[in-house]
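Shown next: target_27.json, containing JSON, C-alpha atoms.
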[["chain", "number", "residue", "atom", "x", "y", "z"],
["Y", 1, "MET", "CA", -7.42, -24.07, 0.85],
["Y", 2, "LEU", "CA", -5.69, -24.27, -2.53],
["Y", 3, "ASN", "CA", -2.09, -23.10, -2.73],
["Y", 4, "THR", "CA", -2.59, -20.85, -5.77],
["Y", 5, "LEU", "CA", -2.45, -17.13, -6.46],
["Y", 6, "PRO", "CA", -5.78, -15.50, -5.59],
["Y", 7, "PHE", "CA", -8.21, -13.59, -7.75],
["Y", 8, "PHE", "CA", -9.48, -10.21, -6.59],
["Y", 9, "TYR", "CA", -13.10, -9.40, -5.78],
["Y", 10, "ASP", "CA", -13.68, -6.03, -4.15],
["Y", 11, "LYS", "CA", -17.33, -6.39, -3.15],
["Y", 12, "ASP", "CA", -18.80, -7.94, -0.01],
["Y", 13, "CYS", "CA", -18.44, -11.69, -0.01],
["Y", 14, "ARG", "CA", -19.32, -14.58, 2.28],
["Y", 15, "ASN", "CA", -19.69, -18.34, 2.30],
["Y", 16, "ASN", "CA", -22.33, -20.00, 0.09],
["Y", 17, "ILE", "CA", -23.00, -17.02, -2.17],
["Y", 18, "ILE", "CA", -22.46, -16.73, -5.92],
["Y", 19, "ILE", "CA", -20.26, -13.93, -7.30],
["Y", 20, "LYS", "CA", -19.24, -12.76, -10.76],
["Y", 21, "LEU", "CA", -15.62, -11.92, -11.59],
["Y", 22, "ASN", "CA", -14.91, -8.58, -13.26],
["Y", 23, "ASP", "CA", -13.73, -8.51, -16.87],
["Y", 24, "ASP", "CA", -10.00, -8.44, -16.11],
["Y", 25, "GLU", "CA", -10.17, -11.30, -13.64],
["Y", 26, "ALA", "CA", -12.46, -13.31, -15.92],
["Y", 27, "LYS", "CA", -10.06, -12.99, -18.86],
["Y", 28, "HIS", "CA", -7.15, -14.00, -16.68],
["Y", 29, "ALA", "CA", -9.02, -17.06, -15.40],
["Y", 30, "ILE", "CA", -10.36, -18.31, -18.73],
["Y", 31, "LYS", "CA", -7.88, -17.09, -21.35],
["Y", 32, "SER", "CA", -4.58, -17.05, -19.47],
["Y", 33, "LEU", "CA", -5.02, -19.88, -16.97],
["Y", 34, "ARG", "CA", -7.51, -21.88, -19.08],
["Y", 35, "LEU", "CA", -9.69, -22.61, -16.08],
["Y", 36, "ARG", "CA", -13.00, -24.30, -16.69],
["Y", 37, "LYS", "CA", -16.27, -25.15, -14.98],
["Y", 38, "GLU", "CA", -15.83, -26.98, -11.64],
["Y", 39, "ASP", "CA", -12.23, -25.79, -11.25],
["Y", 40, "ARG", "CA", -11.47, -24.32, -7.83],
["Y", 41, "ILE", "CA", -9.94, -20.89, -7.24],
["Y", 42, "ILE", "CA", -8.88, -18.66, -4.36],
["Y", 43, "ILE", "CA", -10.29, -15.15, -3.98],
["Y", 44, "THR", "CA", -9.24, -12.21, -1.81],
["Y", 45, "ASN", "CA", -11.24, -9.05, -1.17],
["Y", 46, "GLY", "CA", -8.28, -7.05, 0.16],
["Y", 47, "LYS", "CA", -10.07, -6.64, 3.49],
["Y", 48, "GLY", "CA", -8.56, -9.56, 5.35],
["Y", 49, "GLN", "CA", -10.76, -12.33, 3.95],
["Y", 50, "ILE", "CA", -9.70, -15.27, 1.78],
["Y", 51, "PHE", "CA", -12.30, -17.39, -0.02],
["Y", 52, "GLU", "CA", -12.29, -20.66, -1.93],
["Y", 53, "GLY", "CA", -14.74, -21.02, -4.77],
["Y", 54, "ILE", "CA", -15.82, -23.30, -7.59],
["Y", 55, "ILE", "CA", -16.36, -22.01, -11.13],
["Y", 56, "ILE", "CA", -19.98, -22.70, -12.05],
["Y", 57, "ASP", "CA", -20.03, -20.76, -15.33],
["Y", 58, "ASP", "CA", -16.89, -20.45, -17.49],
["Y", 59, "ASN", "CA", -18.37, -18.16, -20.15],
["Y", 60, "ILE", "CA", -15.74, -15.42, -20.35],
["Y", 61, "LYS", "CA", -18.46, -12.76, -20.28],
["Y", 62, "ASN", "CA", -20.12, -14.24, -17.21],
["Y", 63, "VAL", "CA", -17.56, -16.08, -15.07],
["Y", 64, "THR", "CA", -19.42, -16.91, -11.86],
["Y", 65, "ILE", "CA", -18.12, -18.54, -8.70],
["Y", 66, "GLN", "CA", -19.81, -20.45, -5.89],
["Y", 67, "ILE", "CA", -18.07, -19.61, -2.59],
["Y", 68, "ILE", "CA", -17.51, -22.78, -0.56],
["Y", 69, "ASP", "CA", -15.08, -21.73, 2.16],
["Y", 70, "GLU", "CA", -13.83, -18.57, 3.86],
["Y", 71, "ARG", "CA", -11.03, -17.59, 6.20],
["Y", 72, "GLU", "CA", -10.27, -14.44, 8.19],
["Y", 73, "ILE", "CA", -6.67, -13.20, 8.20],
["Y", 74, "THR", "CA", -5.34, -11.41, 11.28],
["Y", 75, "LYS", "CA", -4.65, -7.72, 10.76],
["Y", 76, "PRO", "CA", -1.01, -6.59, 10.70],
["Y", 77, "LYS", "CA", 0.43, -5.55, 14.04],
["Y", 78, "TYR", "CA", 1.16, -2.05, 12.77],
["Y", 79, "ASN", "CA", -0.43, 0.64, 10.61],
["Y", 80, "LEU", "CA", 2.06, 2.29, 8.27],
["Y", 81, "HIS", "CA", 1.04, 5.32, 6.21],
["Y", 82, "ILE", "CA", 3.69, 6.65, 3.84],
["Y", 83, "ALA", "CA", 3.16, 10.06, 2.26],
["Y", 84, "ILE", "CA", 5.64, 10.25, -0.60],
["Y", 85, "ALA", "CA", 6.25, 12.94, -3.18],
["Y", 86, "ILE", "CA", 5.06, 12.22, -6.72],
["Y", 87, "LEU", "CA", 8.06, 11.23, -8.80],
["Y", 88, "HIS", "CA", 8.90, 12.60, -12.23],
["Y", 89, "GLN", "CA", 8.92, 9.10, -13.74],
["Y", 90, "ALA", "CA", 5.59, 7.33, -13.24],
["Y", 91, "GLU", "CA", 7.14, 3.87, -13.51],
["Y", 92, "ARG", "CA", 9.36, 4.57, -10.51],
["Y", 93, "PHE", "CA", 6.35, 5.53, -8.42],
["Y", 94, "GLU", "CA", 4.53, 2.39, -9.60],
["Y", 95, "TRP", "CA", 7.58, 0.33, -8.61],
["Y", 96, "PHE", "CA", 7.32, 1.78, -5.10],
["Y", 97, "ILE", "CA", 3.62, 0.91, -4.94],
["Y", 98, "GLU", "CA", 4.27, -2.64, -6.08],
["Y", 99, "LYS", "CA", 7.07, -3.34, -3.60],
["Y", 100, "ALA", "CA", 5.37, -1.54, -0.70],
["Y", 101, "VAL", "CA", 2.26, -3.68, -1.12],
["Y", 102, "GLU", "CA", 4.32, -6.87, -1.37],
["Y", 103, "ILE", "CA", 6.20, -6.04, 1.83],
["Y", 104, "GLY", "CA", 3.24, -4.58, 3.72],
["Y", 105, "ILE", "CA", 1.77, -1.08, 4.02],
["Y", 106, "SER", "CA", -1.58, 0.33, 5.16],
["Y", 107, "GLU", "CA", -1.97, 3.64, 3.35],
["Y", 108, "ILE", "CA", -0.18, 5.70, 0.69],
["Y", 109, "THR", "CA", -0.60, 9.39, -0.07],
["Y", 110, "PRO", "CA", 1.07, 10.91, -3.15],
["Y", 111, "LEU", "CA", 2.38, 14.33, -2.11],
["Y", 112, "ILE", "CA", 2.79, 17.50, -4.15],
["Y", 113, "THR", "CA", 5.69, 19.36, -2.56],
["Y", 114, "GLN", "CA", 7.47, 22.59, -3.48],
["Y", 115, "ARG", "CA", 10.07, 20.61, -5.44],
["Y", 116, "THR", "CA", 7.69, 18.12, -7.03],
["Y", 117, "GLU", "CA", 8.09, 18.41, -10.80],
["Y", 118, "LYS", "CA", 5.06, 16.32, -11.78],
["Y", 119, "LYS", "CA", 1.81, 17.46, -10.18],
["Y", 120, "SER", "CA", -0.53, 14.61, -11.11],
["Y", 121, "ILE", "CA", -0.63, 10.84, -11.20],
["Y", 122, "LYS", "CA", -3.12, 8.22, -12.40],
["Y", 123, "ILE", "CA", -4.69, 6.81, -9.25],
["Y", 124, "GLU", "CA", -6.61, 4.10, -11.13],
["Y", 125, "ARG", "CA", -3.34, 2.84, -12.57],
["Y", 126, "LEU", "CA", -1.74, 2.78, -9.10],
["Y", 127, "GLN", "CA", -4.71, 0.84, -7.73],
["Y", 128, "LYS", "CA", -4.30, -1.79, -10.47],
["Y", 129, "VAL", "CA", -0.60, -2.08, -9.64],
["Y", 130, "ALA", "CA", -1.48, -2.48, -5.96],
["Y", 131, "ILE", "CA", -4.07, -5.19, -6.66],
["Y", 132, "SER", "CA", -1.63, -7.10, -8.84],
["Y", 133, "ALA", "CA", 1.02, -6.92, -6.11],
["Y", 134, "LEU", "CA", -1.55, -7.99, -3.49],
["Y", 135, "LYS", "CA", -2.37, -11.12, -5.46],
["Y", 136, "GLN", "CA", 1.23, -11.92, -6.38],
["Y", 137, "SER", "CA", 2.42, -11.71, -2.77],
["Y", 138, "ARG", "CA", -0.70, -13.38, -1.34],
["Y", 139, "GLN", "CA", -1.34, -10.42, 0.93],
["Y", 140, "SER", "CA", -4.80, -10.05, 2.43],
["Y", 141, "TYR", "CA", -5.08, -6.31, 3.08],
["Y", 142, "LEU", "CA", -5.09, -3.87, 0.17],
["Y", 143, "PRO", "CA", -3.67, -0.51, 1.23],
["Y", 144, "LYS", "CA", -5.66, 2.67, 0.78],
["Y", 145, "ILE", "CA", -4.23, 4.86, -1.98],
["Y", 146, "ASN", "CA", -5.31, 8.47, -1.55],
["Y", 147, "ASN", "CA", -5.65, 11.15, -4.18],
["Y", 148, "PRO", "CA", -2.63, 13.46, -4.48],
["Y", 149, "MET", "CA", -2.46, 16.19, -1.85],
["Y", 150, "LEU", "CA", -0.54, 19.43, -1.57],
["Y", 151, "PHE", "CA", 1.98, 19.29, 1.27],
["Y", 152, "ASN", "CA", 0.20, 22.03, 3.25],
["Y", 153, "ASP", "CA", -3.18, 20.38, 2.76],
["Y", 154, "PHE", "CA", -1.77, 17.11, 4.03],
["Y", 155, "MET", "CA", -0.41, 18.84, 7.12],
["Y", 156, "HIS", "CA", -3.80, 20.44, 7.71],
["Y", 157, "SER", "CA", -5.57, 17.06, 7.36],
["Y", 158, "LEU", "CA", -3.58, 15.74, 10.32],
["Y", 159, "LYS", "CA", -4.49, 18.53, 12.74],
["Y", 160, "LEU", "CA", -7.10, 16.45, 14.56],
["Y", 161, "LEU", "CA", -5.26, 13.15, 14.21],
["Y", 162, "ASN", "CA", -4.01, 11.90, 17.57],
["Y", 163, "ASN", "CA", -2.21, 8.84, 18.84],
["Y", 164, "VAL", "CA", 0.04, 8.37, 15.82],
["Y", 165, "ASN", "CA", 3.83, 8.45, 15.52],
["Y", 166, "LYS", "CA", 4.97, 10.93, 12.86],
["Y", 167, "ALA", "CA", 8.37, 11.29, 11.19],
["Y", 168, "ILE", "CA", 9.85, 13.06, 8.19],
["Y", 169, "ALA", "CA", 12.82, 11.58, 6.34],
["Y", 170, "ALA", "CA", 15.01, 14.56, 5.55],
["Y", 171, "CYS", "CA", 18.64, 15.23, 4.69],
["Y", 172, "ILE", "CA", 19.42, 17.55, 7.58],
["Y", 173, "GLY", "CA", 22.18, 17.26, 10.15],
["Y", 174, "THR", "CA", 20.18, 17.17, 13.38],
["Y", 175, "ASN", "CA", 18.00, 14.12, 12.97],
["Y", 176, "ILE", "CA", 17.77, 10.65, 14.46],
["Y", 177, "ASN", "CA", 18.34, 7.40, 12.62],
["Y", 178, "ILE", "CA", 15.05, 5.67, 11.88],
["Y", 179, "LYS", "CA", 16.20, 2.43, 13.52],
["Y", 180, "ASN", "CA", 16.84, 4.23, 16.79],
["Y", 181, "TRP", "CA", 13.54, 6.07, 16.49],
["Y", 182, "LEU", "CA", 11.69, 2.78, 16.05],
["Y", 183, "LYS", "CA", 13.36, 1.38, 19.17],
["Y", 184, "GLU", "CA", 11.88, 4.14, 21.33],
["Y", 185, "ASN", "CA", 8.84, 3.24, 23.42],
["Y", 186, "LYS", "CA", 5.68, 4.13, 21.52],
["Y", 187, "THR", "CA", 2.12, 4.27, 22.83],
["Y", 188, "THR", "CA", 0.70, 3.19, 19.48],
["Y", 189, "ASN", "CA", 1.68, 1.11, 16.46],
["Y", 190, "ALA", "CA", 0.30, 3.68, 14.01],
["Y", 191, "TYR", "CA", 2.91, 5.58, 11.97],
["Y", 192, "ILE", "CA", 3.03, 8.28, 9.30],
["Y", 193, "ILE", "CA", 6.32, 8.74, 7.44],
["Y", 194, "LEU", "CA", 6.98, 11.58, 5.00],
["Y", 195, "ILE", "CA", 9.35, 10.96, 2.08],
["Y", 196, "GLY", "CA", 10.37, 13.82, -0.18],
["Y", 197, "PRO", "CA", 10.98, 14.29, -3.90],
["Y", 198, "GLU", "CA", 14.18, 14.39, -5.92],
["Y", 199, "GLY", "CA", 16.09, 17.20, -4.18],
["Y", 200, "ASP", "CA", 14.45, 16.59, -0.79],
["Y", 201, "PHE", "CA", 11.86, 18.66, 1.05],
["Y", 202, "SER", "CA", 12.34, 22.41, 1.19],
["Y", 203, "ASP", "CA", 13.46, 24.05, 4.44],
["Y", 204, "TYR", "CA", 9.95, 25.45, 4.83],
["Y", 205, "GLU", "CA", 8.38, 21.99, 4.53],
["Y", 206, "ILE", "CA", 10.80, 20.45, 7.00],
["Y", 207, "ASN", "CA", 10.13, 23.19, 9.53],
["Y", 208, "GLU", "CA", 6.37, 22.96, 8.93],
["Y", 209, "ALA", "CA", 6.48, 19.20, 9.55],
["Y", 210, "ILE", "CA", 8.49, 19.66, 12.74],
["Y", 211, "ASN", "CA", 5.99, 22.28, 13.90],
["Y", 212, "ASN", "CA", 3.30, 19.63, 13.38],
["Y", 213, "ASN", "CA", 5.14, 17.18, 15.65],
["Y", 214, "PHE", "CA", 6.96, 15.21, 12.95],
["Y", 215, "VAL", "CA", 10.31, 13.88, 14.14],
["Y", 216, "PRO", "CA", 13.15, 14.46, 11.62],
["Y", 217, "ILE", "CA", 14.78, 11.11, 10.85],
["Y", 218, "ASN", "CA", 17.46, 9.82, 8.50],
["Y", 219, "LEU", "CA", 17.63, 6.49, 6.70],
["Y", 220, "GLY", "CA", 21.36, 5.95, 7.06],
["Y", 221, "ASN", "CA", 24.52, 7.29, 5.43],
["Y", 222, "SER", "CA", 23.51, 6.58, 1.82],
["Y", 223, "VAL", "CA", 21.37, 9.01, -0.17],
["Y", 224, "LEU", "CA", 18.46, 6.94, -1.43],
["Y", 225, "ARG", "CA", 16.11, 7.60, -4.31],
["Y", 226, "SER", "CA", 12.63, 8.48, -3.08],
["Y", 227, "GLU", "CA", 11.09, 5.18, -4.16],
["Y", 228, "THR", "CA", 14.00, 3.23, -2.65],
["Y", 229, "ALA", "CA", 13.58, 5.14, 0.61],
["Y", 230, "GLY", "CA", 9.90, 4.18, 0.69],
["Y", 231, "VAL", "CA", 10.64, 0.50, 0.18],
["Y", 232, "PHE", "CA", 13.43, 0.65, 2.77],
["Y", 233, "VAL", "CA", 11.00, 2.07, 5.34],
["Y", 234, "CYS", "CA", 8.45, -0.67, 4.60],
["Y", 235, "SER", "CA", 11.17, -3.30, 5.09],
["Y", 236, "LEU", "CA", 12.20, -1.87, 8.46],
["Y", 237, "PHE", "CA", 8.63, -2.00, 9.74],
["Y", 238, "ARG", "CA", 8.15, -5.54, 8.49],
["Y", 239, "ASN", "CA", 11.32, -6.65, 10.28],
["Y", 240, "LYS", "CA", 10.26, -4.90, 13.48],
["Y", 241, "PHE", "CA", 6.71, -6.22, 13.72],
["Y", 242, "ILE", "CA", 6.73, -9.60, 11.95]]

Go ahead and express the file in the form of structure tokens.
Amino acid sequence: MLNTLPFFYDKDCRNNIIIKLNDDEAKHAIKSLRLRKEDRIIITNGKGQIFEGIIIDDNIKNVTIQIIDEREITKPKYNLHIAIAILHQAERFEWFIEKAVEIGISEITPLITQRTEKKSIKIERLQKVAISALKQSRQSYLPKINNPMLFNDFMHSLKLLNNVNKAIAACIGTNINIKNWLKENKTTNAYIILIGPEGDFSDYEINEAINNNFVPINLGNSVLRSETAGVFVCSLFRNKFI
């Protein structure tokens, strides 16, 4: 296949069919890259499939592609779900999304905690950031980005969830370093990590997480910004499993 950055197509796709790029991807192909009829492109659907196609119509309002080749990409060896408090500055949260997708992550939940200052976030904007990072890093699996959830609601949503390793990154004295925690024998490669807001989780939230079988962990001696902590966690998992 071509060694170029892929375009994104989120609908079902397979060999020998004809697809139409959405407006953003069409503009990028025709206006920015100046691609024309019979040029070849790479497409990802964010579900582990990579396709090669030929442009058969370069009208910017109707950019259509004939799929001529497809390839399945092996799923990552781990499933990492980070639930991270919404940050006061939206661009910092977007930076976390971008870098987490580039490094590798399966699912992201924006959390509303007791110390969260900003209670909402634009999910559509985060999804666009994630897609851009997916294409830039040539990743094949687009992570699921959930709607914001209250901390207690998130805890409740996990009640029936079994066979997953759970940890909360908190600045308390009696916790285990994440590297040591990852070295412990695990029965599954599915993980949920909680990362708090500026000012950390409240004592109530830490205790509630522990009561729901979350292991309190630390990320080392340095106090990291929330978005930096999230990226650090993604990096540790990538180094462990890849």

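Checking Y:Glu205, Y:Asp39, Y:Glu227, Y:Asp10 one by one against Trp95 (chain Y), counting all atoms listed in the file, you find the shortest gap at Y:Glu227.
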
Could you make a table, as a tab-separated table, of the residues of region 53-95 of chain Y that have an atom within 8 Å of an atom of region 111-125 of chain Y, each with its nearest atom pair and distance in Å to one decimal, counting only C-alpha atoms, in chain and number order?
residue	atom	partner	partner_atom	distance
Y:Ala83	CA	Y:Leu111	CA	6.2
Y:Ile84	CA	Y:Leu111	CA	5.4
Y:Ala85	CA	Y:Leu111	CA	4.2
Y:Ile86	CA	Y:Leu111	CA	5.7
Y:Leu87	CA	Y:Lys118	CA	6.6
Y:His88	CA	Y:Lys118	CA	5.4
Y:Ala90	CA	Y:Ile121	CA	7.4

Problem set entry | Contact residues around region 54-57 of chain Y with only C-alpha atoms at 10 Å, ignoring same-chain residues under 6 positions, as a VMD selection string | chain Y and resid 18 to 20 29 35 to 42 63 to 69

Problem set entry | Long-range neighbours of Leu224 (chain Y) as number ranges by chain, 12 Å cut-off, only C-alpha atoms, 5 positions minimum in chain | Y: 169-171, 195-200, 218-219, 229-233

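In this model, the gap between CA of Gly53 (chain Y) and CA of Ile131 (chain Y) comes to 19.2 Å.
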
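Proximity ranking of Y:Arg92, Y:Lys77, Y:Lys11, Y:Lys186 relative to Ser106 (chain Y) places Y:Lys77 first, based on all atoms listed in the file.
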
Between region 11-106 of chain Y and region 136-158 of chain Y, at 12 Å or less, what are the per-residue closest atom pairs and their distances in Å? Count only C-alpha atoms, order by chain and rising residue number, and return it as a Markdown table.
| residue | atom | partner | partner_atom | distance |
| --- | --- | --- | --- | --- |
| Y:Ile42 | CA | Y:Arg138 | CA | 10.2 |
| Y:Ile43 | CA | Y:Ser140 | CA | 9.9 |
| Y:Thr44 | CA | Y:Ser140 | CA | 6.5 |
| Y:Asn45 | CA | Y:Ser140 | CA | 7.4 |
| Y:Gly46 | CA | Y:Tyr141 | CA | 4.4 |
| Y:Lys47 | CA | Y:Tyr141 | CA | 5.0 |
| Y:Gly48 | CA | Y:Ser140 | CA | 4.8 |
| Y:Gln49 | CA | Y:Ser140 | CA | 6.6 |
| Y:Ile50 | CA | Y:Ser140 | CA | 7.2 |
| Y:Phe51 | CA | Y:Ser140 | CA | 10.8 |
| Y:Arg71 | CA | Y:Ser140 | CA | 10.5 |
| Y:Glu72 | CA | Y:Ser140 | CA | 9.1 |
| Y:Ile73 | CA | Y:Ser140 | CA | 6.8 |
| Y:Thr74 | CA | Y:Ser140 | CA | 9.0 |
| Y:Lys75 | CA | Y:Tyr141 | CA | 7.8 |
| Y:Pro76 | CA | Y:Tyr141 | CA | 8.6 |
| Y:Asn79 | CA | Y:Pro143 | CA | 10.0 |
| Y:Leu80 | CA | Y:Pro143 | CA | 9.5 |
| Y:His81 | CA | Y:Pro143 | CA | 9.0 |
| Y:Ile82 | CA | Y:Ile145 | CA | 10.0 |
| Y:Ala83 | CA | Y:Phe154 | CA | 8.8 |
| Y:Ile84 | CA | Y:Pro148 | CA | 9.7 |
| Y:Ala85 | CA | Y:Phe151 | CA | 8.9 |
| Y:Ile86 | CA | Y:Pro148 | CA | 8.1 |
| Y:Leu87 | CA | Y:Pro148 | CA | 11.7 |
| Y:Glu94 | CA | Y:Ile145 | CA | 11.9 |
| Y:Ile97 | CA | Y:Ile145 | CA | 9.3 |
| Y:Glu98 | CA | Y:Gln136 | CA | 9.8 |
| Y:Lys99 | CA | Y:Ser137 | CA | 9.6 |
| Y:Ala100 | CA | Y:Pro143 | CA | 9.3 |
| Y:Val101 | CA | Y:Pro143 | CA | 7.1 |
| Y:Glu102 | CA | Y:Ser137 | CA | 5.4 |
| Y:Ile103 | CA | Y:Ser137 | CA | 8.2 |
| Y:Gly104 | CA | Y:Gln139 | CA | 7.9 |
| Y:Ile105 | CA | Y:Pro143 | CA | 6.1 |
| Y:Ser106 | CA | Y:Pro143 | CA | 4.5 |

Quick one: axis-aligned box around all listed atoms of region 191-209 of chain Y, 5 Å on every side, centre and edge lengths in Å to one decimal, written as lines of an AutoDock Vina configuration file.
center_x = 9.5
center_y = 15.5
center_z = 3.0
size_x = 23.2
size_y = 29.9
size_z = 27.9

Problem set entry | Distance of CA of Leu126 (chain Y) from CA of Leu21 (chain Y), expressed in Å to one decimal place |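 Taking CA of Leu21 (chain Y) and CA of Leu126 (chain Y), their separation equals 20.4 Å.
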
For this session: List the neighbours of Asn211 (chain Y) out to 12 Å using only C-alpha atoms; skip same-chain residues closer than 4 positions along the sequence, and give me the result as a PyMOL selection string.
Result: chain Y and resi 155-156+159+166-168+204-207+215-216

For this session: To one decimal in Å, tell me the separation between CA of Val129 (chain Y) and CA of Ile193 (chain Y).
Result: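 According to the coordinates, CA of Val129 (chain Y) and CA of Ile193 (chain Y) are separated by 21.4 Å.
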
For this session: For Tyr78 (chain Y), list every protein, DNA or RNA residue within 9 Å, evaluated using only C-alpha atoms, and leave out those in the same chain fewer than 3 positions away; present the list as a list in words.
Result: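 Within the cut-off, the hits are Lys75, Ile105, Ser106, Thr188, Asn189, Ala190, Tyr191, Phe237, Arg238 and Phe241 of chain Y.
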
Give as a tab-separated table (two decimals) with C-alpha atoms, in the coordinates of the input each residue that has an atom at most 7 Å from (-1.8, -15.5, -9.2) in the file, counting all atoms listed in the file.
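Full text of point_21.tsv as output:
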chain	number	residue	atom	x	y	z
Y	4	THR	CA	-2.59	-20.85	-5.77
Y	5	LEU	CA	-2.45	-17.13	-6.46
Y	6	PRO	CA	-5.78	-15.50	-5.59
Y	7	PHE	CA	-8.21	-13.59	-7.75
Y	135	LYS	CA	-2.37	-11.12	-5.46
Y	136	GLN	CA	1.23	-11.92	-6.38

For this session: Find the residues around Lys61 (chain Y) up to 12 Å (all atoms listed in the file counted), leave out those fewer than 5 positions away in its own chain, and share them as a ChimeraX atom specification.
Result: /Y:20-31

Problem set entry | Option closest in space to Ala133 (chain Y), from Y:Phe96, Y:Glu107, Y:Asn162, Y:Asn212 [counting all atoms listed in the file] |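 The closest residue to Ala133 (chain Y) is Y:Phe96.
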